[in-house]
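Structure file data-v3.csv (CSV, C-alpha atoms) follows.
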chain,number,residue,atom,x,y,z
A,1,MET,CA,-19.5,-137.6,12.6
A,2,LYS,CA,-19.4,-138.0,8.9
A,3,ALA,CA,-16.1,-138.4,7.1
A,4,PHE,CA,-16.5,-135.1,5.4
A,5,ASP,CA,-17.0,-133.0,8.5
A,6,PHE,CA,-14.4,-130.3,9.3
A,7,PRO,CA,-15.3,-129.5,12.9
A,8,ASP,CA,-12.0,-127.8,13.7
A,9,ILE,CA,-12.6,-124.8,11.4
A,10,ARG,CA,-13.4,-122.0,13.7
A,11,PRO,CA,-14.7,-118.5,12.9
A,12,LEU,CA,-11.8,-116.1,12.6
A,13,SER,CA,-10.7,-114.8,16.0
A,14,ARG,CA,-10.8,-111.0,16.3
A,15,ALA,CA,-8.4,-111.1,19.2
A,16,TYR,CA,-5.6,-109.4,17.3
A,17,GLU,CA,-7.8,-106.8,15.5
A,18,SER,CA,-7.1,-103.9,17.8
A,19,ALA,CA,-3.4,-104.4,17.8
A,20,LEU,CA,-3.3,-104.9,14.0
A,21,MET,CA,-5.3,-101.8,13.4
A,22,GLY,CA,-3.1,-99.8,15.7
A,23,LYS,CA,0.0,-101.0,13.9
A,24,ILE,CA,-1.6,-100.3,10.4
A,25,ASN,CA,-2.7,-96.8,11.5
A,26,ASN,CA,0.7,-96.0,13.0
A,27,LYS,CA,2.6,-96.5,9.7
A,28,THR,CA,4.2,-93.5,8.0
A,29,LYS,CA,1.1,-92.6,5.9
A,30,PRO,CA,-2.2,-90.9,6.3
A,31,LEU,CA,-4.9,-93.0,7.8
A,32,GLY,CA,-6.5,-95.4,5.3
A,33,SER,CA,-4.2,-94.2,2.5
A,34,LEU,CA,-3.2,-97.7,1.4
A,35,GLY,CA,-6.8,-98.5,0.8
A,36,MET,CA,-7.5,-102.2,0.2
A,37,LEU,CA,-3.9,-103.1,1.1
A,38,GLU,CA,-4.8,-102.2,4.7
A,39,GLU,CA,-7.9,-104.5,4.6
A,40,LEU,CA,-5.7,-107.3,3.2
A,41,ALA,CA,-3.1,-106.8,5.9
A,42,LEU,CA,-5.7,-107.0,8.6
A,43,THR,CA,-7.2,-110.2,7.1
A,44,LEU,CA,-3.8,-111.8,6.9
A,45,GLY,CA,-2.9,-110.8,10.4
A,46,LEU,CA,-6.2,-112.2,11.8
A,47,ILE,CA,-5.8,-115.5,9.8
A,48,GLN,CA,-2.3,-116.1,11.1
A,49,GLY,CA,-2.9,-114.6,14.5
A,50,SER,CA,0.1,-112.4,14.1
A,51,GLU,CA,1.1,-108.7,13.8
A,52,THR,CA,3.8,-109.8,11.3
A,53,PRO,CA,2.0,-112.2,8.8
A,54,GLN,CA,4.1,-114.0,6.3
A,55,VAL,CA,3.0,-114.9,2.8
A,56,ASP,CA,6.5,-115.4,1.3
A,57,LYS,CA,6.1,-119.2,0.8
A,58,PRO,CA,3.2,-119.6,-1.7
A,59,LYS,CA,2.2,-122.7,-3.6
A,60,MET,CA,-0.2,-123.1,-6.6
A,61,LEU,CA,-2.3,-126.2,-6.7
A,62,VAL,CA,-4.2,-126.9,-10.0
A,63,PHE,CA,-6.7,-129.7,-9.8
A,64,ALA,CA,-7.8,-131.3,-13.0
A,65,GLY,CA,-10.8,-133.6,-13.9
A,66,ASP,CA,-13.2,-134.4,-16.7
A,67,HIS,CA,-17.0,-134.2,-16.8
A,68,GLY,CA,-19.4,-136.7,-18.3
A,69,VAL,CA,-21.9,-133.9,-19.1
A,70,VAL,CA,-19.6,-132.8,-21.9
A,71,ALA,CA,-21.3,-135.6,-23.9
A,72,GLN,CA,-24.4,-133.3,-24.0
A,73,GLY,CA,-22.6,-130.7,-26.1
A,74,VAL,CA,-22.2,-128.0,-23.4
A,75,SER,CA,-18.6,-127.1,-24.4
A,76,PRO,CA,-17.2,-126.0,-27.7
A,77,PHE,CA,-14.0,-128.0,-26.9
A,78,PRO,CA,-13.7,-131.8,-26.9
A,79,GLN,CA,-13.0,-133.6,-23.7
A,80,GLU,CA,-9.5,-134.5,-24.6
A,81,VAL,CA,-8.5,-130.9,-24.3
A,82,THR,CA,-8.4,-131.4,-20.5
A,83,CYS,CA,-5.6,-134.0,-20.9
A,84,GLN,CA,-3.8,-131.8,-23.4
A,85,MET,CA,-3.9,-128.8,-21.2
A,86,VAL,CA,-2.6,-130.8,-18.2
A,87,MET,CA,0.4,-131.6,-20.4
A,88,ASN,CA,0.7,-127.9,-21.3
A,89,PHE,CA,0.8,-127.0,-17.6
A,90,LEU,CA,3.5,-129.5,-17.0
A,91,ALA,CA,5.5,-128.2,-20.0
A,92,GLY,CA,5.3,-124.7,-18.7
A,93,GLY,CA,3.2,-123.3,-21.5
A,94,ALA,CA,-0.1,-122.4,-19.9
A,95,ALA,CA,-0.9,-119.0,-18.5
A,96,VAL,CA,-0.8,-120.1,-14.9
A,97,SER,CA,2.5,-121.8,-15.6
A,98,VAL,CA,4.0,-118.6,-17.1
A,99,PHE,CA,2.7,-116.5,-14.2
A,100,CYS,CA,4.0,-118.9,-11.6
A,101,GLN,CA,7.4,-118.8,-13.3
A,102,GLN,CA,7.2,-115.0,-13.2
A,103,HIS,CA,6.6,-114.9,-9.5
A,104,ALA,CA,8.8,-117.9,-8.6
A,105,VAL,CA,5.8,-119.8,-7.2
A,106,PRO,CA,5.9,-123.6,-7.3
A,107,LEU,CA,3.1,-125.2,-9.3
A,108,GLN,CA,1.7,-128.6,-8.7
A,109,VAL,CA,-0.9,-130.2,-11.0
A,110,VAL,CA,-3.2,-132.7,-9.3
A,111,ASP,CA,-5.0,-135.3,-11.5
A,112,VAL,CA,-8.2,-136.2,-9.6
A,113,GLY,CA,-10.2,-137.3,-12.6
A,114,VAL,CA,-8.8,-136.7,-16.0
A,115,ASN,CA,-10.0,-139.1,-18.7
A,116,GLY,CA,-6.5,-140.1,-19.6
A,117,GLU,CA,-3.2,-141.4,-18.2
A,118,PHE,CA,0.0,-139.5,-17.6
A,119,GLU,CA,3.6,-140.6,-17.1
A,120,SER,CA,5.0,-140.0,-13.6
A,121,MET,CA,6.7,-136.7,-13.2
A,122,PRO,CA,7.5,-134.4,-10.3
A,123,LEU,CA,5.1,-131.6,-11.1
A,124,LEU,CA,2.1,-134.0,-11.3
A,125,THR,CA,0.4,-135.8,-8.4
A,126,ASN,CA,-1.8,-138.7,-9.3
A,127,ARG,CA,-4.9,-138.7,-7.0
A,128,LYS,CA,-7.2,-140.0,-9.7
A,129,VAL,CA,-10.7,-140.9,-8.4
A,130,ASN,CA,-12.0,-142.1,-11.8
A,131,MET,CA,-11.7,-141.3,-15.5
A,132,GLY,CA,-14.0,-138.4,-15.2
A,133,THR,CA,-17.5,-138.0,-13.7
A,134,LYS,CA,-20.6,-139.5,-15.1
A,135,ASP,CA,-23.0,-137.4,-17.2
A,136,PHE,CA,-25.0,-135.7,-14.5
A,137,SER,CA,-27.9,-135.2,-16.9
A,138,VAL,CA,-28.7,-138.9,-16.7
A,139,ALA,CA,-27.1,-140.1,-13.4
A,140,PRO,CA,-25.3,-138.7,-10.4
A,141,ALA,CA,-21.9,-137.4,-11.3
A,142,MET,CA,-20.2,-139.5,-8.6
A,143,THR,CA,-20.8,-142.0,-5.8
A,144,GLU,CA,-20.4,-141.1,-2.1
A,145,SER,CA,-17.1,-142.9,-2.0
A,146,GLU,CA,-15.9,-141.0,-5.0
A,147,PHE,CA,-17.0,-137.7,-3.4
A,148,LEU,CA,-15.0,-138.6,-0.3
A,149,LEU,CA,-11.9,-139.6,-2.3
A,150,ALA,CA,-12.0,-136.3,-4.2
A,151,LEU,CA,-12.5,-134.3,-1.1
A,152,ASN,CA,-9.6,-136.0,0.6
A,153,ALA,CA,-7.4,-135.4,-2.5
A,154,GLY,CA,-7.6,-131.7,-1.7
A,155,VAL,CA,-7.0,-132.3,2.0
A,156,LYS,CA,-3.9,-134.4,1.3
A,157,GLU,CA,-2.4,-131.8,-1.1
A,158,VAL,CA,-2.8,-129.1,1.5
A,159,ASP,CA,-1.2,-131.4,4.1
A,160,VAL,CA,1.8,-131.8,1.8
A,161,ALA,CA,2.0,-128.0,1.3
A,162,HIS,CA,1.8,-127.5,5.1
A,163,SER,CA,4.6,-130.0,5.6
A,164,GLU,CA,6.7,-127.9,3.2
A,165,GLY,CA,6.1,-124.8,5.2
A,166,LYS,CA,3.9,-123.0,2.7
A,167,ASN,CA,2.1,-120.0,4.2
A,168,ILE,CA,-0.4,-119.1,1.5
A,169,LEU,CA,-2.1,-121.4,-1.0
A,170,LEU,CA,-3.5,-120.6,-4.5
A,171,PHE,CA,-6.0,-123.0,-6.1
A,172,GLY,CA,-6.7,-123.4,-9.8
A,173,GLU,CA,-8.6,-125.9,-11.9
A,174,MET,CA,-8.8,-127.5,-15.4
A,175,GLY,CA,-11.7,-129.5,-16.7
A,176,ILE,CA,-13.6,-129.1,-20.0
A,177,GLY,CA,-17.2,-128.5,-19.2
A,178,ASN,CA,-16.7,-127.3,-15.6
A,179,THR,CA,-18.5,-123.9,-16.1
A,180,THR,CA,-21.6,-126.0,-16.6
A,181,VAL,CA,-20.8,-127.7,-13.3
A,182,GLY,CA,-20.1,-124.4,-11.6
A,183,ALA,CA,-23.4,-122.9,-12.9
A,184,ALA,CA,-25.4,-125.9,-11.7
A,185,LEU,CA,-23.9,-125.8,-8.2
A,186,MET,CA,-24.5,-122.0,-8.0
A,187,SER,CA,-28.1,-122.3,-9.1
A,188,ALA,CA,-28.8,-125.1,-6.6
A,189,ILE,CA,-26.9,-123.7,-3.6
A,190,LEU,CA,-28.0,-120.0,-4.0
A,191,SER,CA,-31.6,-120.8,-5.2
A,192,LYS,CA,-31.1,-118.7,-8.3
A,193,PRO,CA,-32.7,-119.4,-11.7
A,194,VAL,CA,-30.4,-121.4,-13.9
A,195,ARG,CA,-30.4,-118.7,-16.6
A,196,GLU,CA,-28.9,-116.3,-14.2
A,197,CYS,CA,-26.0,-118.7,-13.5
A,198,VAL,CA,-25.0,-119.7,-17.0
A,199,GLY,CA,-22.4,-117.8,-19.0
A,200,ALA,CA,-20.3,-118.3,-22.1
A,201,GLY,CA,-17.5,-120.2,-20.3
A,202,ALA,CA,-14.8,-121.0,-22.7
A,203,GLY,CA,-16.4,-119.2,-25.6
A,204,VAL,CA,-19.9,-120.8,-25.9
A,205,THR,CA,-22.2,-119.2,-28.4
A,206,HIS,CA,-25.8,-118.0,-27.7
A,207,GLU,CA,-27.1,-121.4,-28.8
A,208,GLY,CA,-24.5,-123.1,-26.6
A,209,ILE,CA,-25.7,-121.1,-23.6
A,210,GLU,CA,-29.2,-122.1,-24.2
A,211,LYS,CA,-28.0,-125.7,-24.4
A,212,LYS,CA,-26.3,-125.4,-21.1
A,213,ILE,CA,-29.4,-124.0,-19.5
A,214,SER,CA,-31.6,-126.8,-20.9
A,215,VAL,CA,-29.2,-129.5,-19.7
A,216,ILE,CA,-29.0,-128.1,-16.2
A,217,GLU,CA,-32.8,-127.6,-15.9
A,218,ASN,CA,-33.4,-131.1,-17.1
A,219,THR,CA,-30.8,-132.4,-14.6
A,220,PHE,CA,-32.6,-130.6,-11.8
A,221,ALA,CA,-35.9,-132.1,-12.8
A,222,ARG,CA,-34.2,-135.6,-12.7
A,223,ILE,CA,-32.8,-135.0,-9.2
A,224,GLU,CA,-35.9,-133.5,-7.7
A,225,ALA,CA,-38.0,-136.4,-9.0
A,226,HIS,CA,-35.5,-138.9,-7.5
A,227,TYR,CA,-35.4,-137.3,-4.1
A,228,ASP,CA,-38.9,-135.8,-4.1
A,229,THR,CA,-37.4,-132.7,-2.7
A,230,PRO,CA,-36.6,-129.2,-4.2
A,231,ILE,CA,-33.0,-129.1,-5.2
A,232,ALA,CA,-32.2,-126.2,-2.9
A,233,GLN,CA,-33.1,-128.3,0.1
A,234,LEU,CA,-30.6,-131.1,-0.5
A,235,ASP,CA,-27.6,-131.4,1.6
A,236,ALA,CA,-24.2,-130.3,0.3
A,237,ASP,CA,-22.8,-133.8,0.0
A,238,VAL,CA,-25.8,-134.9,-2.0
A,239,LEU,CA,-25.5,-131.9,-4.3
A,240,ALA,CA,-21.8,-132.6,-4.8
A,241,GLN,CA,-22.5,-136.2,-5.7
A,242,GLU,CA,-25.2,-135.2,-8.1
A,243,LEU,CA,-23.6,-132.2,-9.8
A,244,ALA,CA,-20.0,-131.6,-9.0
A,245,GLY,CA,-16.7,-132.5,-10.6
A,246,PHE,CA,-13.8,-134.2,-9.0
A,247,GLU,CA,-11.6,-131.2,-9.3
A,248,VAL,CA,-14.3,-128.9,-7.8
A,249,VAL,CA,-14.7,-131.2,-4.8
A,250,ALA,CA,-11.0,-131.4,-4.4
A,251,ILE,CA,-10.7,-127.6,-4.3
A,252,ALA,CA,-13.5,-127.5,-1.7
A,253,GLY,CA,-11.6,-130.1,0.4
A,254,ALA,CA,-8.4,-128.0,0.0
A,255,MET,CA,-10.1,-124.9,1.1
A,256,LEU,CA,-11.6,-126.6,4.2
A,257,ARG,CA,-8.2,-128.1,5.2
A,258,SER,CA,-6.4,-124.8,4.7
A,259,SER,CA,-8.9,-123.2,7.0
A,260,GLU,CA,-8.4,-125.9,9.6
A,261,LEU,CA,-4.7,-125.3,9.5
A,262,GLY,CA,-5.1,-121.5,9.6
A,263,ILE,CA,-3.5,-121.0,6.1
A,264,ALA,CA,-4.9,-118.2,4.0
A,265,TYR,CA,-5.9,-119.4,0.5
A,266,VAL,CA,-6.6,-117.3,-2.6
A,267,VAL,CA,-9.9,-117.8,-4.4
A,268,ASP,CA,-9.6,-117.6,-8.2
A,269,GLY,CA,-12.6,-117.1,-10.5
A,270,PHE,CA,-16.0,-118.7,-11.3
A,271,ILE,CA,-15.1,-122.3,-10.8
A,272,CYS,CA,-13.1,-121.9,-7.7
A,273,THR,CA,-15.8,-119.7,-6.2
A,274,SER,CA,-18.4,-122.4,-6.9
A,275,ALA,CA,-16.1,-124.8,-5.0
A,276,LEU,CA,-16.2,-122.3,-2.1
A,277,LEU,CA,-20.0,-122.3,-2.3
A,278,LEU,CA,-19.8,-126.1,-1.8
A,279,ALA,CA,-17.2,-125.8,0.9
A,280,SER,CA,-19.2,-123.2,2.8
A,281,LYS,CA,-22.2,-125.5,2.8
A,282,LEU,CA,-20.0,-128.0,4.6
A,283,ASN,CA,-18.6,-125.5,7.1
A,284,LYS,CA,-19.5,-121.8,6.8
A,285,SER,CA,-16.4,-120.6,8.6
A,286,VAL,CA,-14.2,-121.7,5.6
A,287,VAL,CA,-15.0,-118.3,4.0
A,288,ASP,CA,-13.1,-116.4,6.7
A,289,TYR,CA,-9.8,-117.8,5.5
A,290,GLY,CA,-10.2,-117.0,1.8
A,291,ILE,CA,-8.9,-114.0,-0.1
A,292,PHE,CA,-10.8,-113.2,-3.4
A,293,ALA,CA,-8.4,-112.6,-6.2
A,294,HIS,CA,-10.5,-111.1,-8.9
A,295,GLN,CA,-13.9,-110.5,-10.4
A,296,SER,CA,-14.2,-112.8,-13.4
A,297,HIS,CA,-15.7,-111.7,-16.7
A,298,GLU,CA,-18.1,-114.7,-16.3
A,299,LYS,CA,-21.3,-112.7,-15.5
A,300,ALA,CA,-22.6,-114.9,-12.7
A,301,HIS,CA,-19.4,-114.5,-10.8
A,302,LEU,CA,-20.5,-111.1,-9.6
A,303,ASP,CA,-23.5,-112.6,-7.9
A,304,MET,CA,-21.3,-115.3,-6.3
A,305,LEU,CA,-19.1,-112.5,-4.9
A,306,ALA,CA,-22.1,-110.6,-3.7
A,307,HIS,CA,-23.3,-113.7,-1.8
A,308,PHE,CA,-20.0,-113.8,0.1
A,309,LYS,CA,-19.9,-110.0,0.5
A,310,ALA,CA,-16.5,-110.2,-1.1
A,311,LYS,CA,-14.2,-107.4,-2.3
A,312,PRO,CA,-12.1,-108.9,-5.0
A,313,ILE,CA,-8.6,-107.4,-5.5
A,314,LEU,CA,-8.7,-107.2,-9.3
A,315,SER,CA,-11.2,-106.7,-12.1
A,316,LEU,CA,-9.4,-107.4,-15.3
A,317,SER,CA,-12.1,-109.0,-17.4
A,318,MET,CA,-10.4,-112.4,-17.0
A,319,ARG,CA,-12.3,-115.7,-17.5
A,320,LEU,CA,-9.5,-118.2,-18.2
A,321,GLY,CA,-9.6,-120.2,-14.9
A,322,GLU,CA,-6.5,-122.3,-14.2
A,323,GLY,CA,-5.8,-120.1,-11.1
A,324,SER,CA,-4.6,-117.4,-13.4
A,325,GLY,CA,-6.4,-114.6,-11.5
A,326,ALA,CA,-5.1,-115.9,-8.1
A,327,ILE,CA,-1.4,-115.8,-9.2
A,328,VAL,CA,-1.8,-112.4,-10.8
A,329,ALA,CA,-3.2,-111.1,-7.5
A,330,LEU,CA,-0.5,-112.7,-5.3
A,331,PRO,CA,2.0,-109.8,-5.5
A,332,ILE,CA,-0.6,-107.4,-4.2
A,333,ILE,CA,-1.4,-109.7,-1.3
A,334,GLN,CA,2.3,-110.0,-0.6
A,335,SER,CA,2.6,-106.2,-0.6
A,336,ALA,CA,-0.1,-106.0,2.0
A,337,ALA,CA,1.9,-108.3,4.3
A,338,LEU,CA,5.2,-106.5,3.6
A,339,PHE,CA,3.9,-103.0,4.4
A,340,LEU,CA,2.5,-104.3,7.7
A,341,THR,CA,5.7,-106.1,8.6
A,342,ASN,CA,8.4,-103.8,7.2
A,343,MET,CA,7.1,-100.3,6.8
A,344,ALA,CA,8.3,-97.8,9.4
A,345,SER,CA,6.1,-96.4,12.1
A,346,PHE,CA,5.9,-92.7,12.9
A,347,GLU,CA,8.0,-93.3,16.0
A,348,SER,CA,10.7,-95.5,14.3
A,349,ALA,CA,11.1,-93.1,11.4
A,350,GLY,CA,11.0,-89.9,13.5
A,351,VAL,CA,8.2,-88.6,11.5
A,352,SER,CA,5.6,-86.3,13.0
A,353,GLU,CA,2.0,-87.5,12.8
A,354,GLY,CA,-0.6,-85.3,11.1
A,355,ASN,CA,-3.7,-84.0,12.9
A,356,GLY,CA,-6.4,-84.9,10.4

Written form, structure tokens:
Amino acid sequence: MKAFDFPDIRPLSRAYESALMGKINNKTKPLGSLGMLEELALTLGLIQGSETPQVDKPKMLVFAGDHGVVAQGVSPFPQEVTCQMVMNFLAGGAAVSVFCQQHAVPLQVVDVGVNGEFESMPLLTNRKVNMGTKDFSVAPAMTESEFLLALNAGVKEVDVAHSEGKNILLFGEMGIGNTTVGAALMSAILSKPVRECVGAGAGVTHEGIEKKISVIENTFARIEAHYDTPIAQLDADVLAQELAGFEVVAIAGAMLRSSELGIAYVVDGFICTSALLLASKLNKSVVDYGIFAHQSHEKAHLDMLAHFKAKPILSLSMRLGEGSGAIVALPIIQSAALFLTNMASFESAGVSEGNG
């Protein structure tokens, strides 16, 4: 067994489905009248194996890392913005910081590969693998040992959250250039043309988009020549080593470990969904434990969601990343659990049921 196998992730048991649906349908409301909240309640109940699922102890984990491919001009922002934004998270000034404060959700920032050093502080975990990945247009982004370290960084952060009693996890990311990484992973894993997977990211112009496409296509040519194999046929760990970022791999590891532990996790936007693509290549059952927060304004995200047959909670034209969509969706997820747990039934309320 390889070190990155997650054999204890099992497909979601449907054992509680009948009981859960009976409880949902017996609440003081017309059948199906809470719409997607009912679907979310069912999902949470199945994940936790309980008719009274609890999501009152959330935690946001934002993984940060830099990308060597930024040297190819794929981002309008310089690489040092990653480091600056980490400091902004820690100071409470980023969008995800503000929304976490709004909803009283603890935020932990995890440095898995930022090209910079930080002073020790409570809100920051140092799990640095390296000072950013290599430029994947000329060499693999990371070694196998770096891949395993990044994967285990996500595993360890989930283990910490589990030890704290957290019952739902939200994942975010920060890394200048990581939409290029996400697009490359999407194209390789889903066998889609690169052009269909590349978007504006953090405000790239038309010329910038063409640059990203060219860089990724040339990278694929390099990889296929090296392995003498079409890129879509390469194993997930090889694709990760060639194309991924440390923060993307860490999120994949966190998703896998959450699933092993039976903890629901919230999938943010384009980058986090690309991490799920990678995680699902390692163990397909990981998808059963994820809740899709929103449909990103990044055009290719819609195709990613379609691949997973996902129904995102929100569609707000967001494309910020950071976990911002996940935290905005959290109160809706919590409402789904609360109605299932606390809302009266027809019997307990003394309300007569309708006939239609």

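The two atoms in question, CA of Glu164 (chain A) and CA of Leu12 (chain A), are spaced 23.9 Å apart.
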
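When all atoms listed in the file are used to compute distances to Ala275 (chain A), the closest of the residues A:Leu151, A:Val215, A:Leu316, A:Cys197 turns out to be A:Leu151.
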
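Here CA of Ala337 (chain A) is placed at a distance of 25.9 Å from CA of Gly253 (chain A).
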
Task: Distance query Leu302 (chain A) at most 12 Å, only C-alpha atoms, self and fewer than 3 positions along chain excluded, as a PyMOL selection string - done: chain A and resi 186+196-197+199+269-270+273-274+292+294-299+305-312+315+317

Save the residues we just selected, C-alpha atoms, as a JSON list (two decimals), in the frame of the given file?
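Saved to again.json:
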[["chain", "number", "residue", "atom", "x", "y", "z"],
["A", 186, "MET", "CA", -24.50, -122.00, -8.00],
["A", 196, "GLU", "CA", -28.90, -116.30, -14.20],
["A", 197, "CYS", "CA", -26.00, -118.70, -13.50],
["A", 199, "GLY", "CA", -22.40, -117.80, -19.00],
["A", 269, "GLY", "CA", -12.60, -117.10, -10.50],
["A", 270, "PHE", "CA", -16.00, -118.70, -11.30],
["A", 273, "THR", "CA", -15.80, -119.70, -6.20],
["A", 274, "SER", "CA", -18.40, -122.40, -6.90],
["A", 292, "PHE", "CA", -10.80, -113.20, -3.40],
["A", 294, "HIS", "CA", -10.50, -111.10, -8.90],
["A", 295, "GLN", "CA", -13.90, -110.50, -10.40],
["A", 296, "SER", "CA", -14.20, -112.80, -13.40],
["A", 297, "HIS", "CA", -15.70, -111.70, -16.70],
["A", 298, "GLU", "CA", -18.10, -114.70, -16.30],
["A", 299, "LYS", "CA", -21.30, -112.70, -15.50],
["A", 305, "LEU", "CA", -19.10, -112.50, -4.90],
["A", 306, "ALA", "CA", -22.10, -110.60, -3.70],
["A", 307, "HIS", "CA", -23.30, -113.70, -1.80],
["A", 308, "PHE", "CA", -20.00, -113.80, 0.10],
["A", 309, "LYS", "CA", -19.90, -110.00, 0.50],
["A", 310, "ALA", "CA", -16.50, -110.20, -1.10],
["A", 311, "LYS", "CA", -14.20, -107.40, -2.30],
["A", 312, "PRO", "CA", -12.10, -108.90, -5.00],
["A", 315, "SER", "CA", -11.20, -106.70, -12.10],
["A", 317, "SER", "CA", -12.10, -109.00, -17.40]]

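Between Val110 (chain A) and the candidates A:Phe246, A:Ile231, A:Ser187, A:Gly350, the tightest atom-to-atom separation, counting all atoms listed in the file, involves A:Phe246.
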